[in-house]
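S.K.: Have a look at the structure that comes next, please.
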Amino acid sequence: MRGFVDADASPIPISIYIDGSCIENRNVGPDTAAGWGFVVVRGDRGLGKGSGDLIHEEAGKVVTNESNDQWLGAEVGSNNTAELSAMIYALKWVMTKSPDSEITIRADSMYALRITDGSWKAKQNKTLASRAQSMWKEARVLVNLESAHVKAHTGHRWNERADHLAFRAQTGDAAIPLQFWKPGQR
């Protein structure tokens with residue numbers, strides 16, 4: 001967790017970019033490594049040019065062990081469970097730390113967006129999907145919250161940063177500090 005700019009400074013719109021990563025995304029199981037990441041940017045309009053100020057970033061591994069306190073409902077490590085985990089952690093941030101601003105959660109996964117807003121039904125990892133949906137509903141009561149799709153791997157600075165965080169979390173490597181990192185760098 002890193003704070004970069006005072007999140008309470010003004011009601012400028014906030015974009016939260018989420019992403020998940022799973023290199024071995026075939027024949028996945030509980031031991032398959034997967035990671036999630038998200039970045040919170042104030043003043044970004046979603047155009048991909050890297051405008052705005054980073055106010056928070058966070059990442060971690062997908063937890064599949066029900067006895068672990070960090071378990072969100074993922075039965076396997078996969079790209080989909082990583083995307084939904086990123087969504088849940090981003091929504092947790094929204095509910096506990098967000099300033100009074102309109103917030104757009106931006107994802108390159110239609111699966112994560114549609115499962116979370118309830119327009120698609122989960123066939124697997126139903127506990128995880130249900131948690132994402134209930135947190136979405138709760139967060140929308142607290143703040144003006146929307147979602148938007150972003151194309152993956154097109155050089156969009158903040159989406160690429162979320163991808164970097166997720167990839168690094170999955171592999172257990174530390175993220176490259178923002179000032180030394182470039183979009184597309186994993």
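The way I read the labels, and the way they are meant: chains A, B, ... in the order of the structure tokens, residue 1 as the first residue of every chain, and ligand 1 as the first ligand shown, with later ones counted on from there.
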List the neighbours of Pro13 (chain A) out to 12 Å using only C-alpha atoms; skip same-chain residues closer than 4 positions along the sequence, and give me the result as a list in words.

M.R.: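 Within the cut-off, the hits are Ala7, Asp8, Ala9, Val40, Val41, Arg42, Gly43, Asp44, Arg45, Gly46, Gly52, Asp53, Ser98, Pro99, Asp100, Ser101, Glu102, Ile103, Thr104, Ile105, Val143, Asn144, Leu145 and Glu146 of chain A.
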
S.K.: Generate the output file for the selected residues, N, CA and C atoms, as an mmCIF file, in the first residue's frame.

M.R.:
```
data_model
loop_
_atom_site.group_PDB
_atom_site.id
_atom_site.type_symbol
_atom_site.label_atom_id
_atom_site.label_comp_id
_atom_site.auth_asym_id
_atom_site.auth_seq_id
_atom_site.Cartn_x
_atom_site.Cartn_y
_atom_site.Cartn_z
ATOM 1 N N ALA A 7 -5.726 12.114 -0.755
ATOM 2 C CA ALA A 7 -6.950 11.646 -1.411
ATOM 3 C C ALA A 7 -8.151 12.523 -1.100
ATOM 4 N N ASP A 8 -8.104 13.330 -0.053
ATOM 5 C CA ASP A 8 -9.247 14.148 0.343
ATOM 6 C C ASP A 8 -9.150 15.583 -0.161
ATOM 7 N N ALA A 9 -8.206 15.888 -1.022
ATOM 8 C CA ALA A 9 -7.953 17.265 -1.432
ATOM 9 C C ALA A 9 -9.114 17.900 -2.190
ATOM 10 N N VAL A 40 -5.444 3.583 -7.992
ATOM 11 C CA VAL A 40 -6.449 4.627 -7.815
ATOM 12 C C VAL A 40 -5.833 5.931 -8.304
ATOM 13 N N VAL A 41 -6.510 6.569 -9.258
ATOM 14 C CA VAL A 41 -5.967 7.769 -9.900
ATOM 15 C C VAL A 41 -6.997 8.896 -9.823
ATOM 16 N N ARG A 42 -6.574 10.035 -9.319
ATOM 17 C CA ARG A 42 -7.451 11.199 -9.277
ATOM 18 C C ARG A 42 -7.147 12.075 -10.491
ATOM 19 N N GLY A 43 -8.222 12.488 -11.190
ATOM 20 C CA GLY A 43 -8.063 13.400 -12.320
ATOM 21 C C GLY A 43 -7.881 12.730 -13.664
ATOM 22 N N ASP A 44 -7.977 11.410 -13.722
ATOM 23 C CA ASP A 44 -7.858 10.671 -14.982
ATOM 24 C C ASP A 44 -9.242 10.545 -15.604
ATOM 25 N N ARG A 45 -9.326 10.666 -16.915
ATOM 26 C CA ARG A 45 -10.616 10.554 -17.614
ATOM 27 C C ARG A 45 -10.744 9.260 -18.409
ATOM 28 N N GLY A 46 -9.777 8.356 -18.232
ATOM 29 C CA GLY A 46 -9.876 7.062 -18.890
ATOM 30 C C GLY A 46 -9.378 7.021 -20.308
ATOM 31 N N GLY A 52 -3.537 12.483 -14.549
ATOM 32 C CA GLY A 52 -4.019 12.258 -13.200
ATOM 33 C C GLY A 52 -2.895 11.936 -12.237
ATOM 34 N N ASP A 53 -3.268 11.895 -10.972
ATOM 35 C CA ASP A 53 -2.314 11.625 -9.895
ATOM 36 C C ASP A 53 -2.636 10.300 -9.238
ATOM 37 N N SER A 98 -12.286 6.055 0.181
ATOM 38 C CA SER A 98 -12.471 6.949 -0.958
ATOM 39 C C SER A 98 -12.923 8.335 -0.523
ATOM 40 N N PRO A 99 -12.418 9.343 -1.223
ATOM 41 C CA PRO A 99 -12.883 10.709 -0.983
ATOM 42 C C PRO A 99 -14.276 10.902 -1.593
ATOM 43 N N ASP A 100 -14.888 12.025 -1.317
ATOM 44 C CA ASP A 100 -16.213 12.327 -1.863
ATOM 45 C C ASP A 100 -16.055 12.755 -3.319
ATOM 46 N N SER A 101 -16.032 11.784 -4.209
ATOM 47 C CA SER A 101 -15.852 12.016 -5.645
ATOM 48 C C SER A 101 -16.651 10.981 -6.413
ATOM 49 N N GLU A 102 -16.891 11.271 -7.699
ATOM 50 C CA GLU A 102 -17.442 10.195 -8.514
ATOM 51 C C GLU A 102 -16.296 9.255 -8.841
ATOM 52 N N ILE A 103 -16.601 7.960 -8.845
ATOM 53 C CA ILE A 103 -15.579 6.933 -9.039
ATOM 54 C C ILE A 103 -16.000 6.031 -10.187
ATOM 55 N N THR A 104 -15.031 5.762 -11.076
ATOM 56 C CA THR A 104 -15.240 4.798 -12.158
ATOM 57 C C THR A 104 -14.215 3.694 -12.006
ATOM 58 N N ILE A 105 -14.700 2.467 -11.888
ATOM 59 C CA ILE A 105 -13.792 1.320 -11.876
ATOM 60 C C ILE A 105 -13.637 0.871 -13.319
ATOM 61 N N VAL A 143 -21.183 5.919 -2.599
ATOM 62 C CA VAL A 143 -20.570 6.875 -3.533
ATOM 63 C C VAL A 143 -21.208 6.740 -4.918
ATOM 64 N N ASN A 144 -20.981 7.745 -5.759
ATOM 65 C CA ASN A 144 -21.401 7.699 -7.151
ATOM 66 C C ASN A 144 -20.395 6.797 -7.879
ATOM 67 N N LEU A 145 -20.772 5.559 -8.160
ATOM 68 C CA LEU A 145 -19.863 4.541 -8.671
ATOM 69 C C LEU A 145 -20.349 4.003 -10.000
ATOM 70 N N GLU A 146 -19.460 3.975 -10.980
ATOM 71 C CA GLU A 146 -19.745 3.434 -12.310
ATOM 72 C C GLU A 146 -18.624 2.474 -12.693
#
```

S.K.: What are the closest atom pairs, with distances in Å to one decimal, for all residues of region 125-176 of chain A lying within 12 Å of region 62-70 of chain A? Consider only C-alpha atoms, order rows by chain and residue number, and present the result as CSV.

M.R.:
```
residue,atom,partner,partner_atom,distance
A:Asn125,CA,A:Thr64,CA,10.1
A:Thr127,CA,A:Glu66,CA,11.0
A:Leu128,CA,A:Thr64,CA,10.3
A:Ala166,CA,A:Val62,CA,9.8
A:Phe167,CA,A:Val62,CA,11.5
A:Ala169,CA,A:Val62,CA,9.0
A:Gln170,CA,A:Val62,CA,7.9
A:Thr171,CA,A:Val62,CA,11.3
A:Gly172,CA,A:Val62,CA,11.5
```

S.K.: Residues of the last selection are to be written out with N, CA and C atoms, as a JSON list (two decimals), in the first residue's frame.

M.R.:
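selection-v5.json written:
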```
[["chain", "number", "residue", "atom", "x", "y", "z"],
["A", 125, "ASN", "N", -16.78, -20.53, -8.86],
["A", 125, "ASN", "CA", -16.35, -19.53, -7.88],
["A", 125, "ASN", "C", -17.52, -18.62, -7.48],
["A", 127, "THR", "N", -19.04, -18.13, -4.65],
["A", 127, "THR", "CA", -18.87, -17.36, -3.41],
["A", 127, "THR", "C", -18.12, -16.06, -3.72],
["A", 128, "LEU", "N", -17.07, -16.16, -4.52],
["A", 128, "LEU", "CA", -16.29, -15.00, -4.91],
["A", 128, "LEU", "C", -17.16, -14.02, -5.70],
["A", 166, "ALA", "N", -0.46, -6.84, -10.76],
["A", 166, "ALA", "CA", -1.05, -8.18, -10.69],
["A", 166, "ALA", "C", -0.02, -9.24, -11.09],
["A", 167, "PHE", "N", 0.71, -8.98, -12.17],
["A", 167, "PHE", "CA", 1.72, -9.92, -12.64],
["A", 167, "PHE", "C", 2.79, -10.14, -11.59],
["A", 169, "ALA", "N", 2.59, -9.58, -8.34],
["A", 169, "ALA", "CA", 2.03, -10.25, -7.15],
["A", 169, "ALA", "C", 1.94, -11.75, -7.39],
["A", 170, "GLN", "N", 1.53, -12.13, -8.59],
["A", 170, "GLN", "CA", 1.40, -13.54, -8.93],
["A", 170, "GLN", "C", 2.75, -14.26, -8.86],
["A", 171, "THR", "N", 3.80, -13.60, -9.32],
["A", 171, "THR", "CA", 5.12, -14.22, -9.33],
["A", 171, "THR", "C", 5.85, -14.06, -8.00],
["A", 172, "GLY", "N", 5.31, -13.23, -7.11],
["A", 172, "GLY", "CA", 5.95, -13.00, -5.82],
["A", 172, "GLY", "C", 7.05, -11.97, -5.87]]
```

S.K.: Using only C-alpha atoms, determine which residues lie at most 9 Å from region 153-159 of chain A, disregarding the query and same-chain residues fewer than 4 positions distant; provide the list as a list in words.

M.R.: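 Non-adjacent residues within range: Ile16, Tyr17, Ile18, Asp19, Phe38, Val39, Val40, Val41, Gly46, Leu47, Gly48, Lys49, Gly50, Ser51, Leu54, Arg106, Ala107, Asp108, Asp163, His164, Lys182, Pro183 and Gly184 of chain A.
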
S.K.: Applying 9 Å and only C-alpha atoms, which residues near Ile88 (chain A) remain after dropping the ones on its own chain fewer than 4 positions away? List them as a list in words.

M.R.: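 Residues meeting the cut-off are Leu72, Glu83, Leu84, Lys92, Trp93, Thr116, Leu128, Arg131, Ala132, Gln133, Met135 and Trp136 of chain A.
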
S.K.: Please write the residues from the selection above to a file, keeping all heavy atoms, as a short mmCIF file (atom, residue, chain, number, x, y, z; two decimals), in the first residue's frame.

M.R.:
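File part_26.cif, as written:
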```cif
data_model
loop_
_atom_site.label_atom_id
_atom_site.label_comp_id
_atom_site.auth_asym_id
_atom_site.auth_seq_id
_atom_site.Cartn_x
_atom_site.Cartn_y
_atom_site.Cartn_z
N LEU A 72 -11.41 -14.89 -0.18
CA LEU A 72 -12.58 -14.14 -0.64
C LEU A 72 -13.64 -15.04 -1.28
O LEU A 72 -14.73 -14.57 -1.59
CB LEU A 72 -12.15 -13.09 -1.67
CG LEU A 72 -11.14 -12.04 -1.21
CD1 LEU A 72 -10.72 -11.17 -2.39
CD2 LEU A 72 -11.71 -11.22 -0.08
N GLU A 83 -9.14 -11.34 -11.44
CA GLU A 83 -9.87 -10.13 -11.82
C GLU A 83 -10.94 -9.79 -10.77
O GLU A 83 -11.09 -8.64 -10.37
CB GLU A 83 -10.53 -10.30 -13.19
CG GLU A 83 -9.58 -10.53 -14.34
CD GLU A 83 -8.97 -9.27 -14.92
OE1 GLU A 83 -9.30 -8.16 -14.47
OE2 GLU A 83 -8.15 -9.41 -15.85
N LEU A 84 -11.69 -10.80 -10.33
CA LEU A 84 -12.72 -10.57 -9.32
C LEU A 84 -12.11 -10.19 -7.97
O LEU A 84 -12.66 -9.36 -7.25
CB LEU A 84 -13.62 -11.78 -9.17
CG LEU A 84 -14.64 -11.99 -10.28
CD1 LEU A 84 -15.39 -13.31 -10.08
CD2 LEU A 84 -15.62 -10.83 -10.37
N LYS A 92 -13.38 -2.56 -1.62
CA LYS A 92 -13.06 -2.37 -0.20
C LYS A 92 -12.42 -1.00 0.01
O LYS A 92 -12.75 -0.29 0.96
CB LYS A 92 -12.13 -3.49 0.28
CG LYS A 92 -11.75 -3.39 1.73
CD LYS A 92 -10.83 -4.53 2.12
CE LYS A 92 -10.36 -4.36 3.55
NZ LYS A 92 -9.35 -5.34 3.92
N TRP A 93 -11.50 -0.63 -0.89
CA TRP A 93 -10.87 0.69 -0.81
C TRP A 93 -11.94 1.77 -0.94
O TRP A 93 -11.94 2.75 -0.19
CB TRP A 93 -9.78 0.85 -1.87
CG TRP A 93 -9.06 2.15 -1.73
CD1 TRP A 93 -7.94 2.40 -1.00
CD2 TRP A 93 -9.42 3.41 -2.32
NE1 TRP A 93 -7.59 3.72 -1.09
CE2 TRP A 93 -8.49 4.37 -1.90
CE3 TRP A 93 -10.45 3.81 -3.17
CZ2 TRP A 93 -8.54 5.70 -2.29
CZ3 TRP A 93 -10.51 5.14 -3.56
CH2 TRP A 93 -9.56 6.07 -3.12
N THR A 116 -19.69 -8.71 -11.58
CA THR A 116 -19.83 -7.80 -10.44
C THR A 116 -21.13 -7.02 -10.50
O THR A 116 -21.80 -6.86 -9.47
CB THR A 116 -18.63 -6.84 -10.36
OG1 THR A 116 -17.43 -7.63 -10.20
CG2 THR A 116 -18.76 -5.90 -9.19
N LEU A 128 -17.07 -16.16 -4.52
CA LEU A 128 -16.29 -15.00 -4.91
C LEU A 128 -17.16 -14.02 -5.70
O LEU A 128 -17.17 -12.81 -5.43
CB LEU A 128 -15.09 -15.44 -5.75
CG LEU A 128 -14.12 -14.36 -6.21
CD1 LEU A 128 -13.37 -13.76 -5.03
CD2 LEU A 128 -13.12 -14.96 -7.21
N ARG A 131 -19.69 -12.28 -3.45
CA ARG A 131 -19.04 -11.24 -2.63
C ARG A 131 -18.81 -9.97 -3.46
O ARG A 131 -19.06 -8.87 -2.98
CB ARG A 131 -17.72 -11.75 -2.07
CG ARG A 131 -17.05 -10.70 -1.18
CD ARG A 131 -15.92 -11.25 -0.41
NE ARG A 131 -16.44 -12.18 0.58
CZ ARG A 131 -15.71 -12.74 1.51
NH1 ARG A 131 -14.43 -12.46 1.60
NH2 ARG A 131 -16.24 -13.58 2.37
N ALA A 132 -18.34 -10.13 -4.69
CA ALA A 132 -18.13 -8.96 -5.56
C ALA A 132 -19.45 -8.22 -5.79
O ALA A 132 -19.51 -6.99 -5.73
CB ALA A 132 -17.51 -9.39 -6.89
N GLN A 133 -20.51 -8.97 -6.05
CA GLN A 133 -21.81 -8.35 -6.30
C GLN A 133 -22.34 -7.62 -5.08
O GLN A 133 -22.85 -6.49 -5.19
CB GLN A 133 -22.82 -9.41 -6.76
CG GLN A 133 -22.53 -9.94 -8.13
CD GLN A 133 -23.31 -11.19 -8.49
OE1 GLN A 133 -24.07 -11.71 -7.68
NE2 GLN A 133 -23.10 -11.69 -9.70
N MET A 135 -20.63 -6.38 -2.57
CA MET A 135 -19.79 -5.21 -2.29
C MET A 135 -20.08 -4.09 -3.29
O MET A 135 -20.06 -2.91 -2.93
CB MET A 135 -18.31 -5.59 -2.29
CG MET A 135 -17.96 -6.42 -1.06
SD MET A 135 -16.21 -6.81 -0.96
CE MET A 135 -15.53 -5.22 -0.51
N TRP A 136 -20.34 -4.45 -4.55
CA TRP A 136 -20.70 -3.46 -5.57
C TRP A 136 -21.96 -2.70 -5.14
O TRP A 136 -22.01 -1.48 -5.18
CB TRP A 136 -20.90 -4.14 -6.91
CG TRP A 136 -21.35 -3.23 -8.01
CD1 TRP A 136 -22.62 -3.09 -8.49
CD2 TRP A 136 -20.54 -2.32 -8.76
NE1 TRP A 136 -22.65 -2.16 -9.50
CE2 TRP A 136 -21.38 -1.67 -9.69
CE3 TRP A 136 -19.19 -2.00 -8.75
CZ2 TRP A 136 -20.91 -0.71 -10.59
CZ3 TRP A 136 -18.72 -1.05 -9.65
CH2 TRP A 136 -19.58 -0.42 -10.55
#
```

S.K.: Please give the complete set of residues from region 57-163 of chain A that DSSP, run on the backbone, assigns to helix (DSSP H, G or I), formatted as a PyMOL selection string.

M.R.: chain A and resi 79-97+110-117+126-142+157-163

S.K.: For the selection just defined, write its residues with C-alpha atoms to a file, as a PDB file, in the first residue's frame.

M.R.:
```pdb
ATOM      1  CA  ASN A  79      -7.323 -15.022 -14.475  1.00  0.00           C
ATOM      2  CA  ASN A  80     -11.040 -14.701 -13.672  1.00  0.00           C
ATOM      3  CA  THR A  81     -10.589 -15.200  -9.922  1.00  0.00           C
ATOM      4  CA  ALA A  82      -7.724 -12.711 -10.007  1.00  0.00           C
ATOM      5  CA  GLU A  83      -9.870 -10.128 -11.821  1.00  0.00           C
ATOM      6  CA  LEU A  84     -12.719 -10.568  -9.323  1.00  0.00           C
ATOM      7  CA  SER A  85     -10.277 -10.392  -6.394  1.00  0.00           C
ATOM      8  CA  ALA A  86      -8.939  -7.093  -7.755  1.00  0.00           C
ATOM      9  CA  MET A  87     -12.506  -5.821  -8.001  1.00  0.00           C
ATOM     10  CA  ILE A  88     -13.268  -6.806  -4.401  1.00  0.00           C
ATOM     11  CA  TYR A  89     -10.129  -5.165  -3.020  1.00  0.00           C
ATOM     12  CA  ALA A  90     -10.832  -2.030  -5.059  1.00  0.00           C
ATOM     13  CA  LEU A  91     -14.400  -1.929  -3.727  1.00  0.00           C
ATOM     14  CA  LYS A  92     -13.060  -2.370  -0.197  1.00  0.00           C
ATOM     15  CA  TRP A  93     -10.869   0.690  -0.805  1.00  0.00           C
ATOM     16  CA  VAL A  94     -13.903   2.596  -2.116  1.00  0.00           C
ATOM     17  CA  MET A  95     -15.936   1.748   0.990  1.00  0.00           C
ATOM     18  CA  THR A  96     -13.199   2.541   3.501  1.00  0.00           C
ATOM     19  CA  LYS A  97     -10.944   5.220   2.035  1.00  0.00           C
ATOM     20  CA  MET A 110     -15.728  -7.866 -19.249  1.00  0.00           C
ATOM     21  CA  TYR A 111     -16.105 -10.964 -17.088  1.00  0.00           C
ATOM     22  CA  ALA A 112     -15.194  -9.060 -13.911  1.00  0.00           C
ATOM     23  CA  LEU A 113     -17.369  -6.081 -14.829  1.00  0.00           C
ATOM     24  CA  ARG A 114     -20.449  -8.118 -15.769  1.00  0.00           C
ATOM     25  CA  ILE A 115     -20.224 -10.653 -12.940  1.00  0.00           C
ATOM     26  CA  THR A 116     -19.832  -7.800 -10.444  1.00  0.00           C
ATOM     27  CA  ASP A 117     -22.756  -5.745 -11.730  1.00  0.00           C
ATOM     28  CA  LYS A 126     -19.874 -18.487  -6.913  1.00  0.00           C
ATOM     29  CA  THR A 127     -18.868 -17.356  -3.412  1.00  0.00           C
ATOM     30  CA  LEU A 128     -16.294 -14.996  -4.911  1.00  0.00           C
ATOM     31  CA  ALA A 129     -18.798 -13.684  -7.473  1.00  0.00           C
ATOM     32  CA  SER A 130     -21.462 -13.196  -4.809  1.00  0.00           C
ATOM     33  CA  ARG A 131     -19.036 -11.237  -2.631  1.00  0.00           C
ATOM     34  CA  ALA A 132     -18.131  -8.956  -5.560  1.00  0.00           C
ATOM     35  CA  GLN A 133     -21.815  -8.348  -6.301  1.00  0.00           C
ATOM     36  CA  SER A 134     -22.758  -7.552  -2.704  1.00  0.00           C
ATOM     37  CA  MET A 135     -19.792  -5.206  -2.291  1.00  0.00           C
ATOM     38  CA  TRP A 136     -20.700  -3.456  -5.567  1.00  0.00           C
ATOM     39  CA  LYS A 137     -24.241  -2.844  -4.298  1.00  0.00           C
ATOM     40  CA  GLU A 138     -22.980  -1.612  -0.931  1.00  0.00           C
ATOM     41  CA  ALA A 139     -20.372   0.715  -2.472  1.00  0.00           C
ATOM     42  CA  ARG A 140     -22.949   2.225  -4.853  1.00  0.00           C
ATOM     43  CA  VAL A 141     -25.008   3.303  -1.838  1.00  0.00           C
ATOM     44  CA  LEU A 142     -21.996   5.169  -0.434  1.00  0.00           C
ATOM     45  CA  ARG A 157      -0.709   3.805 -18.643  1.00  0.00           C
ATOM     46  CA  TRP A 158      -2.902   3.092 -15.615  1.00  0.00           C
ATOM     47  CA  ASN A 159      -4.345  -0.165 -16.914  1.00  0.00           C
ATOM     48  CA  GLU A 160      -0.812  -1.310 -17.689  1.00  0.00           C
ATOM     49  CA  ARG A 161       0.220  -0.350 -14.141  1.00  0.00           C
ATOM     50  CA  ALA A 162      -2.579  -2.492 -12.676  1.00  0.00           C
ATOM     51  CA  ASP A 163      -1.431  -5.339 -14.961  1.00  0.00           C
TER      52      ASP A 163
END
```

S.K.: Which one is closest to Thr32 (chain A): A:Arg168, A:Lys61, A:Arg186, A:Lys121? Count only C-alpha atoms.

M.R.: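 Among the listed residues, A:Lys61 lies closest to Thr32 (chain A).
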